[in-house]
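Student: final_9.txt is reproduced in full below (compact mmCIF, N, CA and C atoms).
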# COMPACT_ATOMS: atom_id res chain seq x y z
N ASP Y 1 70.42 -41.80 60.15
CA ASP Y 1 70.65 -40.64 59.33
C ASP Y 1 69.99 -40.80 57.98
N GLU Y 2 70.23 -41.95 57.42
CA GLU Y 2 69.64 -42.24 56.11
C GLU Y 2 68.12 -42.28 56.20
N ALA Y 3 67.63 -42.79 57.27
CA ALA Y 3 66.20 -42.88 57.44
C ALA Y 3 65.62 -41.49 57.61
N GLU Y 4 66.37 -40.63 58.29
CA GLU Y 4 65.89 -39.24 58.43
C GLU Y 4 65.85 -38.55 57.10
N LYS Y 5 66.91 -38.78 56.34
CA LYS Y 5 66.97 -38.17 55.01
C LYS Y 5 65.82 -38.67 54.17
N ALA Y 6 65.57 -39.92 54.19
CA ALA Y 6 64.49 -40.50 53.40
C ALA Y 6 63.15 -39.97 53.88
N THR Y 7 63.03 -39.80 55.20
CA THR Y 7 61.79 -39.28 55.74
C THR Y 7 61.60 -37.83 55.31
N LYS Y 8 62.69 -37.04 55.36
CA LYS Y 8 62.60 -35.65 54.92
C LYS Y 8 62.21 -35.57 53.45
N ILE Y 9 62.84 -36.42 52.64
CA ILE Y 9 62.53 -36.42 51.20
C ILE Y 9 61.08 -36.85 51.00
N THR Y 10 60.68 -37.82 51.73
CA THR Y 10 59.31 -38.31 51.62
C THR Y 10 58.34 -37.22 52.06
N ASN Y 11 58.67 -36.54 53.16
CA ASN Y 11 57.79 -35.47 53.64
C ASN Y 11 57.72 -34.33 52.62
N ARG Y 12 58.89 -34.00 52.03
CA ARG Y 12 58.87 -32.95 50.99
C ARG Y 12 58.03 -33.39 49.81
N LEU Y 13 58.18 -34.63 49.42
CA LEU Y 13 57.37 -35.14 48.29
C LEU Y 13 55.89 -35.13 48.64
N VAL Y 14 55.57 -35.50 49.88
CA VAL Y 14 54.18 -35.51 50.31
C VAL Y 14 53.66 -34.07 50.31
N ASP Y 15 54.49 -33.11 50.80
CA ASP Y 15 54.07 -31.71 50.80
C ASP Y 15 53.84 -31.20 49.37
N GLN Y 16 54.79 -31.56 48.51
CA GLN Y 16 54.66 -31.14 47.12
C GLN Y 16 53.41 -31.76 46.47
N LEU Y 17 53.20 -33.02 46.78
CA LEU Y 17 52.01 -33.69 46.21
C LEU Y 17 50.74 -33.08 46.80
N GLN Y 18 50.80 -32.70 48.09
CA GLN Y 18 49.65 -32.06 48.73
C GLN Y 18 49.37 -30.71 48.07
N ILE Y 19 50.44 -29.96 47.82
CA ILE Y 19 50.30 -28.65 47.15
C ILE Y 19 49.75 -28.85 45.75
N GLU Y 20 50.29 -29.82 45.06
CA GLU Y 20 49.82 -30.10 43.68
C GLU Y 20 48.36 -30.55 43.69
N ALA Y 21 47.96 -31.37 44.68
CA ALA Y 21 46.58 -31.84 44.78
C ALA Y 21 45.66 -30.65 45.06
N ASP Y 22 46.10 -29.73 45.95
CA ASP Y 22 45.30 -28.54 46.23
C ASP Y 22 45.15 -27.67 44.97
N ARG Y 23 46.28 -27.50 44.27
CA ARG Y 23 46.23 -26.73 43.03
C ARG Y 23 45.29 -27.37 42.03
N LEU Y 24 45.36 -28.69 41.91
CA LEU Y 24 44.49 -29.41 40.97
C LEU Y 24 43.03 -29.31 41.39
N ARG Y 25 42.75 -29.38 42.72
CA ARG Y 25 41.37 -29.24 43.20
C ARG Y 25 40.84 -27.84 42.88
N THR Y 26 41.69 -26.83 43.11
CA THR Y 26 41.29 -25.44 42.82
C THR Y 26 41.02 -25.29 41.32
N ALA Y 27 41.93 -25.83 40.52
CA ALA Y 27 41.76 -25.76 39.06
C ALA Y 27 40.50 -26.50 38.63
N LEU Y 28 40.25 -27.67 39.26
CA LEU Y 28 39.05 -28.43 38.94
C LEU Y 28 37.80 -27.63 39.30
N GLY Y 29 37.80 -26.95 40.43
CA GLY Y 29 36.66 -26.11 40.82
C GLY Y 29 36.43 -24.99 39.81
N GLU Y 30 37.52 -24.36 39.37
CA GLU Y 30 37.40 -23.29 38.37
C GLU Y 30 36.86 -23.83 37.05
N VAL Y 31 37.39 -25.01 36.66
CA VAL Y 31 36.93 -25.63 35.40
C VAL Y 31 35.45 -25.99 35.52
N GLU Y 32 35.02 -26.51 36.67
CA GLU Y 32 33.61 -26.87 36.85
C GLU Y 32 32.72 -25.63 36.80
N ARG Y 33 33.19 -24.52 37.45
CA ARG Y 33 32.42 -23.27 37.37
C ARG Y 33 32.38 -22.74 35.94
N SER Y 34 33.49 -22.83 35.27
CA SER Y 34 33.54 -22.39 33.88
C SER Y 34 32.62 -23.25 33.01
N LEU Y 35 32.63 -24.55 33.26
CA LEU Y 35 31.75 -25.46 32.52
C LEU Y 35 30.29 -25.13 32.79
N ALA Y 36 29.95 -24.83 34.05
CA ALA Y 36 28.56 -24.47 34.38
C ALA Y 36 28.16 -23.19 33.65
N ARG Y 37 29.08 -22.19 33.64
CA ARG Y 37 28.79 -20.95 32.90
C ARG Y 37 28.62 -21.23 31.41
N SER Y 38 29.46 -22.07 30.87
CA SER Y 38 29.36 -22.42 29.45
C SER Y 38 28.04 -23.12 29.15
N ARG Y 39 27.62 -23.99 30.04
CA ARG Y 39 26.34 -24.68 29.85
C ARG Y 39 25.18 -23.68 29.90
N GLU Y 40 25.25 -22.73 30.87
CA GLU Y 40 24.22 -21.70 30.95
C GLU Y 40 24.20 -20.84 29.69
N GLU Y 41 25.41 -20.46 29.23
CA GLU Y 41 25.49 -19.68 28.00
C GLU Y 41 24.96 -20.46 26.81
N CYS Y 42 25.29 -21.74 26.78
CA CYS Y 42 24.80 -22.60 25.69
C CYS Y 42 23.28 -22.70 25.72
N ALA Y 43 22.73 -22.85 26.92
CA ALA Y 43 21.27 -22.93 27.05
C ALA Y 43 20.64 -21.60 26.62
N ALA Y 44 21.26 -20.48 27.04
CA ALA Y 44 20.73 -19.16 26.65
C ALA Y 44 20.82 -18.98 25.14
N LEU Y 45 21.94 -19.39 24.56
CA LEU Y 45 22.08 -19.29 23.09
C LEU Y 45 21.08 -20.19 22.38
N SER Y 46 20.83 -21.35 22.95
CA SER Y 46 19.86 -22.27 22.35
C SER Y 46 18.46 -21.65 22.39
N ARG Y 47 18.10 -21.04 23.55
CA ARG Y 47 16.80 -20.38 23.64
C ARG Y 47 16.74 -19.19 22.67
N ALA Y 48 17.83 -18.44 22.59
CA ALA Y 48 17.87 -17.29 21.67
C ALA Y 48 17.73 -17.77 20.22
N ARG Y 49 18.36 -18.90 19.90
CA ARG Y 49 18.24 -19.45 18.55
C ARG Y 49 16.80 -19.86 18.26
N GLU Y 50 16.14 -20.49 19.23
CA GLU Y 50 14.74 -20.89 19.07
C GLU Y 50 13.86 -19.67 18.86
N VAL Y 51 14.10 -18.61 19.66
CA VAL Y 51 13.33 -17.38 19.52
C VAL Y 51 13.58 -16.77 18.14
N ALA Y 52 14.84 -16.76 17.71
CA ALA Y 52 15.18 -16.20 16.39
C ALA Y 52 14.51 -17.00 15.28
N GLU Y 53 14.46 -18.32 15.43
CA GLU Y 53 13.79 -19.16 14.42
C GLU Y 53 12.29 -18.87 14.39
N LEU Y 54 11.68 -18.70 15.58
CA LEU Y 54 10.26 -18.37 15.63
C LEU Y 54 10.01 -17.00 14.98
N GLU Y 55 10.88 -16.03 15.29
CA GLU Y 55 10.74 -14.71 14.68
C GLU Y 55 10.92 -14.79 13.17
N ARG Y 56 11.89 -15.59 12.72
CA ARG Y 56 12.11 -15.78 11.29
C ARG Y 56 10.86 -16.36 10.63
N ASP Y 57 10.28 -17.37 11.27
CA ASP Y 57 9.06 -17.97 10.72
C ASP Y 57 7.93 -16.95 10.67
N GLN Y 58 7.82 -16.12 11.72
CA GLN Y 58 6.78 -15.09 11.74
C GLN Y 58 7.02 -14.06 10.64
N VAL Y 59 8.28 -13.66 10.46
CA VAL Y 59 8.61 -12.70 9.40
C VAL Y 59 8.28 -13.30 8.03
N ARG Y 60 8.57 -14.57 7.84
CA ARG Y 60 8.24 -15.23 6.58
C ARG Y 60 6.73 -15.25 6.35
N ALA Y 61 5.99 -15.56 7.42
CA ALA Y 61 4.52 -15.58 7.29
C ALA Y 61 4.00 -14.17 6.99
N ASP Y 62 4.55 -13.18 7.69
CA ASP Y 62 4.14 -11.79 7.44
C ASP Y 62 4.48 -11.37 6.00
N LEU Y 63 5.64 -11.79 5.54
CA LEU Y 63 6.06 -11.48 4.17
C LEU Y 63 5.12 -12.13 3.15
N ALA Y 64 4.76 -13.37 3.38
CA ALA Y 64 3.82 -14.05 2.48
C ALA Y 64 2.47 -13.33 2.48
N GLN Y 65 2.03 -12.93 3.67
CA GLN Y 65 0.76 -12.21 3.77
C GLN Y 65 0.85 -10.87 3.06
N ALA Y 66 1.98 -10.18 3.22
CA ALA Y 66 2.17 -8.88 2.56
C ALA Y 66 2.21 -9.06 1.04
N ARG Y 67 2.85 -10.11 0.58
CA ARG Y 67 2.89 -10.39 -0.87
C ARG Y 67 1.48 -10.63 -1.41
N GLU Y 68 0.70 -11.39 -0.65
CA GLU Y 68 -0.67 -11.67 -1.08
C GLU Y 68 -1.49 -10.38 -1.09
N ALA Y 69 -1.30 -9.55 -0.07
CA ALA Y 69 -2.01 -8.26 -0.02
C ALA Y 69 -1.60 -7.39 -1.20
N LEU Y 70 -0.32 -7.43 -1.54
CA LEU Y 70 0.17 -6.65 -2.68
C LEU Y 70 -0.45 -7.16 -3.99
N ARG Y 71 -0.50 -8.49 -4.15
CA ARG Y 71 -1.14 -9.05 -5.35
C ARG Y 71 -2.61 -8.64 -5.41
N SER Y 72 -3.29 -8.73 -4.26
CA SER Y 72 -4.69 -8.35 -4.20
C SER Y 72 -4.86 -6.87 -4.53
N ALA Y 73 -3.99 -6.05 -3.97
CA ALA Y 73 -4.06 -4.61 -4.25
C ALA Y 73 -3.80 -4.34 -5.72
N GLY Y 74 -2.89 -5.10 -6.32
CA GLY Y 74 -2.61 -4.95 -7.75
C GLY Y 74 -3.84 -5.29 -8.58
N ALA Y 75 -4.53 -6.36 -8.20
CA ALA Y 75 -5.74 -6.75 -8.92
C ALA Y 75 -6.83 -5.69 -8.73
N THR Y 76 -6.96 -5.22 -7.50
CA THR Y 76 -7.94 -4.16 -7.22
C THR Y 76 -7.59 -2.90 -8.01
N ASP Y 77 -6.30 -2.58 -8.05
CA ASP Y 77 -5.85 -1.41 -8.79
C ASP Y 77 -6.22 -1.55 -10.27
N LYS Y 78 -5.99 -2.73 -10.84
CA LYS Y 78 -6.32 -2.96 -12.26
C LYS Y 78 -7.82 -2.82 -12.47
N ALA Y 79 -8.61 -3.41 -11.58
CA ALA Y 79 -10.06 -3.32 -11.70
C ALA Y 79 -10.52 -1.87 -11.62
N LEU Y 80 -9.95 -1.12 -10.67
CA LEU Y 80 -10.33 0.29 -10.54
C LEU Y 80 -9.91 1.10 -11.77
N ARG Y 81 -8.73 0.81 -12.31
CA ARG Y 81 -8.29 1.50 -13.54
C ARG Y 81 -9.23 1.19 -14.71
N ASP Y 82 -9.64 -0.08 -14.80
CA ASP Y 82 -10.58 -0.46 -15.85
C ASP Y 82 -11.91 0.27 -15.67
N GLN Y 83 -12.39 0.34 -14.43
CA GLN Y 83 -13.65 1.05 -14.16
C GLN Y 83 -13.50 2.53 -14.50
N LEU Y 84 -12.37 3.10 -14.12
CA LEU Y 84 -12.13 4.52 -14.41
C LEU Y 84 -12.09 4.74 -15.91
N SER Y 85 -11.44 3.85 -16.64
CA SER Y 85 -11.36 3.97 -18.09
C SER Y 85 -12.76 3.89 -18.71
N ALA Y 86 -13.57 2.94 -18.23
CA ALA Y 86 -14.94 2.80 -18.74
C ALA Y 86 -15.76 4.04 -18.41
N ALA Y 87 -15.62 4.54 -17.18
CA ALA Y 87 -16.37 5.74 -16.78
C ALA Y 87 -15.92 6.95 -17.60
N THR Y 88 -14.64 7.03 -17.90
CA THR Y 88 -14.13 8.14 -18.72
C THR Y 88 -14.70 8.06 -20.13
N ARG Y 89 -14.72 6.85 -20.69
CA ARG Y 89 -15.30 6.69 -22.04
C ARG Y 89 -16.77 7.06 -22.03
N GLU Y 90 -17.51 6.61 -21.00
CA GLU Y 90 -18.93 6.92 -20.91
C GLU Y 90 -19.13 8.43 -20.74
N ARG Y 91 -18.30 9.07 -19.89
CA ARG Y 91 -18.39 10.52 -19.70
C ARG Y 91 -18.14 11.25 -21.02
N ASP Y 92 -17.12 10.81 -21.76
CA ASP Y 92 -16.81 11.46 -23.04
C ASP Y 92 -17.95 11.28 -24.03
N ASP Y 93 -18.55 10.07 -24.03
CA ASP Y 93 -19.69 9.81 -24.91
C ASP Y 93 -20.87 10.71 -24.53
N LEU Y 94 -21.15 10.76 -23.22
CA LEU Y 94 -22.26 11.61 -22.76
C LEU Y 94 -21.99 13.09 -23.05
N ARG Y 95 -20.75 13.52 -22.90
CA ARG Y 95 -20.40 14.91 -23.19
C ARG Y 95 -20.66 15.21 -24.68
N GLY Y 96 -20.25 14.26 -25.54
CA GLY Y 96 -20.49 14.44 -26.98
C GLY Y 96 -21.97 14.51 -27.30
N ARG Y 97 -22.73 13.60 -26.68
CA ARG Y 97 -24.17 13.62 -26.93
C ARG Y 97 -24.80 14.90 -26.38
N TYR Y 98 -24.33 15.35 -25.21
CA TYR Y 98 -24.85 16.58 -24.62
C TYR Y 98 -24.56 17.77 -25.53
N GLU Y 99 -23.33 17.84 -26.00
CA GLU Y 99 -22.96 18.96 -26.88
C GLU Y 99 -23.78 18.93 -28.17
N LYS Y 100 -24.04 17.72 -28.68
CA LYS Y 100 -24.86 17.60 -29.89
C LYS Y 100 -26.28 18.10 -29.60
N LYS Y 101 -26.83 17.70 -28.43
CA LYS Y 101 -28.19 18.13 -28.06
C LYS Y 101 -28.24 19.65 -27.86
N VAL Y 102 -27.17 20.21 -27.24
CA VAL Y 102 -27.14 21.66 -27.05
C VAL Y 102 -27.12 22.36 -28.40
N THR Y 103 -26.34 21.83 -29.33
CA THR Y 103 -26.29 22.42 -30.68
C THR Y 103 -27.65 22.31 -31.36
N GLU Y 104 -28.29 21.14 -31.23
CA GLU Y 104 -29.62 20.96 -31.81
C GLU Y 104 -30.62 21.93 -31.18
N GLU Y 105 -30.56 22.06 -29.84
CA GLU Y 105 -31.48 22.96 -29.14
C GLU Y 105 -31.27 24.39 -29.61
N THR Y 106 -30.01 24.79 -29.73
CA THR Y 106 -29.71 26.16 -30.18
C THR Y 106 -30.25 26.37 -31.58
N SER Y 107 -30.05 25.38 -32.43
CA SER Y 107 -30.54 25.48 -33.81
C SER Y 107 -32.07 25.55 -33.84
N LEU Y 108 -32.72 24.69 -33.00
CA LEU Y 108 -34.18 24.69 -32.96
C LEU Y 108 -34.72 26.00 -32.38
N ARG Y 109 -34.05 26.54 -31.37
CA ARG Y 109 -34.49 27.82 -30.80
C ARG Y 109 -34.37 28.93 -31.86
N ALA Y 110 -33.28 28.88 -32.60
CA ALA Y 110 -33.10 29.90 -33.66
C ALA Y 110 -34.19 29.75 -34.71
N ALA Y 111 -34.51 28.49 -35.07
CA ALA Y 111 -35.56 28.25 -36.07
C ALA Y 111 -36.91 28.71 -35.53
N CYS Y 112 -37.18 28.43 -34.25
CA CYS Y 112 -38.45 28.87 -33.65
C CYS Y 112 -38.53 30.39 -33.64
N ALA Y 113 -37.45 31.02 -33.26
CA ALA Y 113 -37.44 32.49 -33.24
C ALA Y 113 -37.66 33.05 -34.63
N LYS Y 114 -37.01 32.44 -35.61
CA LYS Y 114 -37.17 32.90 -37.01
C LYS Y 114 -38.61 32.69 -37.45
N LEU Y 115 -39.16 31.52 -37.09
CA LEU Y 115 -40.55 31.23 -37.46
C LEU Y 115 -41.49 32.21 -36.78
N GLU Y 116 -41.30 32.47 -35.49
CA GLU Y 116 -42.15 33.43 -34.79
C GLU Y 116 -42.03 34.82 -35.41
N HIS Y 117 -40.82 35.21 -35.73
CA HIS Y 117 -40.58 36.51 -36.35
C HIS Y 117 -41.27 36.58 -37.72
N SER Y 118 -41.18 35.47 -38.46
CA SER Y 118 -41.80 35.41 -39.79
C SER Y 118 -43.32 35.49 -39.65
N LYS Y 119 -43.91 34.77 -38.67
CA LYS Y 119 -45.35 34.80 -38.47
C LYS Y 119 -45.81 36.20 -38.07
N ILE Y 120 -45.02 36.85 -37.19
CA ILE Y 120 -45.37 38.20 -36.76
C ILE Y 120 -45.35 39.14 -37.95
N GLU Y 121 -44.34 39.02 -38.81
CA GLU Y 121 -44.26 39.87 -40.01
C GLU Y 121 -45.46 39.62 -40.92
N GLN Y 122 -45.81 38.34 -41.12
CA GLN Y 122 -46.97 38.02 -41.96
C GLN Y 122 -48.25 38.58 -41.35
N TRP Y 123 -48.39 38.47 -40.06
CA TRP Y 123 -49.57 38.99 -39.39
C TRP Y 123 -49.63 40.50 -39.54
N LEU Y 124 -48.44 41.13 -39.34
CA LEU Y 124 -48.40 42.59 -39.49
C LEU Y 124 -48.73 42.99 -40.93
N LEU Y 125 -48.20 42.28 -41.89
CA LEU Y 125 -48.50 42.59 -43.28
C LEU Y 125 -49.99 42.37 -43.56
N HIS Y 126 -50.49 41.26 -43.06
CA HIS Y 126 -51.92 40.98 -43.27
C HIS Y 126 -52.77 42.05 -42.59
N ASP Y 127 -52.40 42.38 -41.37
CA ASP Y 127 -53.14 43.38 -40.62
C ASP Y 127 -53.04 44.73 -41.31
N ALA Y 128 -51.88 45.01 -41.83
CA ALA Y 128 -51.69 46.29 -42.53
C ALA Y 128 -52.51 46.31 -43.80
N SER Y 129 -52.60 45.20 -44.52
CA SER Y 129 -53.36 45.19 -45.77
C SER Y 129 -54.85 45.29 -45.50
N VAL Y 130 -55.27 44.79 -44.37
CA VAL Y 130 -56.68 44.89 -44.02
C VAL Y 130 -57.02 46.33 -43.68
N MET Y 131 -56.10 47.06 -43.14
CA MET Y 131 -56.36 48.41 -42.70
C MET Y 131 -56.21 49.44 -43.83
N ILE Y 132 -55.60 49.07 -44.90
CA ILE Y 132 -55.42 50.03 -46.00
C ILE Y 132 -56.77 50.25 -46.67
N PRO Y 133 -57.12 51.50 -46.92
CA PRO Y 133 -58.39 51.75 -47.62
C PRO Y 133 -58.38 51.09 -48.98
N VAL Y 134 -59.54 50.89 -49.53
CA VAL Y 134 -59.74 50.17 -50.79
C VAL Y 134 -58.99 50.85 -51.92
N LYS Y 135 -58.98 52.13 -52.02
CA LYS Y 135 -58.29 52.83 -53.11
C LYS Y 135 -56.82 52.53 -53.06
N GLU Y 136 -56.27 52.55 -51.89
CA GLU Y 136 -54.82 52.30 -51.77
C GLU Y 136 -54.52 50.85 -52.06
N LYS Y 137 -55.48 49.95 -51.77
CA LYS Y 137 -55.29 48.54 -52.06
C LYS Y 137 -55.16 48.33 -53.53
N ASP Y 138 -56.05 48.99 -54.27
CA ASP Y 138 -56.02 48.84 -55.71
C ASP Y 138 -54.72 49.38 -56.28
N ALA Y 139 -54.25 50.48 -55.71
CA ALA Y 139 -53.03 51.10 -56.16
C ALA Y 139 -51.85 50.20 -55.84
N ILE Y 140 -51.91 49.55 -54.72
CA ILE Y 140 -50.81 48.66 -54.33
C ILE Y 140 -50.81 47.46 -55.25
N VAL Y 141 -52.01 46.95 -55.58
CA VAL Y 141 -52.10 45.77 -56.44
C VAL Y 141 -51.63 46.10 -57.83
N ALA Y 142 -51.92 47.32 -58.34
CA ALA Y 142 -51.57 47.73 -59.69
C ALA Y 142 -50.15 48.05 -59.73
Please rewrite the model in this file as structure tokens.

Tutor:
Amino acid sequence: DEAEKATKITNRLVDQLQIEADRLRTALGEVERSLARSREECAALSRAREVAELERDQVRADLAQAREALRSAGATDKALRDQLSAATRERDDLRGRYEKKVTEETSLRAACAKLEHSKIEQWLLHDASVMIPVKEKDAIVA
């Protein structure tokens, strides 16, 4: 009787241990699958981090290049502004000289016209005095 009891207790303990071993094996399988997923996720995150670092480095290089282009554009802008300023000064100088020449030309044309008019009047007076009869000449002189 005692041996039966001990055998029953032993069998129950063996069954319980068998159930516990099965549960532990199942749990171990789940943990191993979870670990494999975690490793895959870790590898994916590691690759994503490497890609992000490469993109960061590219963005930094692009930013440096853009800064250099901006500095170059600033220098070009200054040079163009200086050229524009010089061209504006030259244009203003030429405009002043042109206006002075136009004024001189107008003055010279007026003087030429006055001189031509004066010569024509003298010629007409001379021509008129030549055509006046001698008696009238004497009367004009007296």

Student: Give, as lines of an AutoDock Vina configuration file, the centre coordinates and the x, y and z edge lengths in Å to one decimal for an axis-aligned box around all listed atoms of stretch 84-95 of chain Y, padded by 4 Å on each side.

Tutor:
center_x = -16.8
center_y = 9.0
center_z = -19.5
size_x = 18.9
size_y = 20.4
size_z = 18.8

Student: Rounded to one decimal place, report the atom C of Y:Arg33-atom CA of Y:Ala52 distance in Å.

Tutor: 26.8 Å

Student: Could you please determine the separation between atom C of Y:Glu90 and atom CA of Y:Thr76 in Å, to one decimal place?

Tutor: 21.6 Å
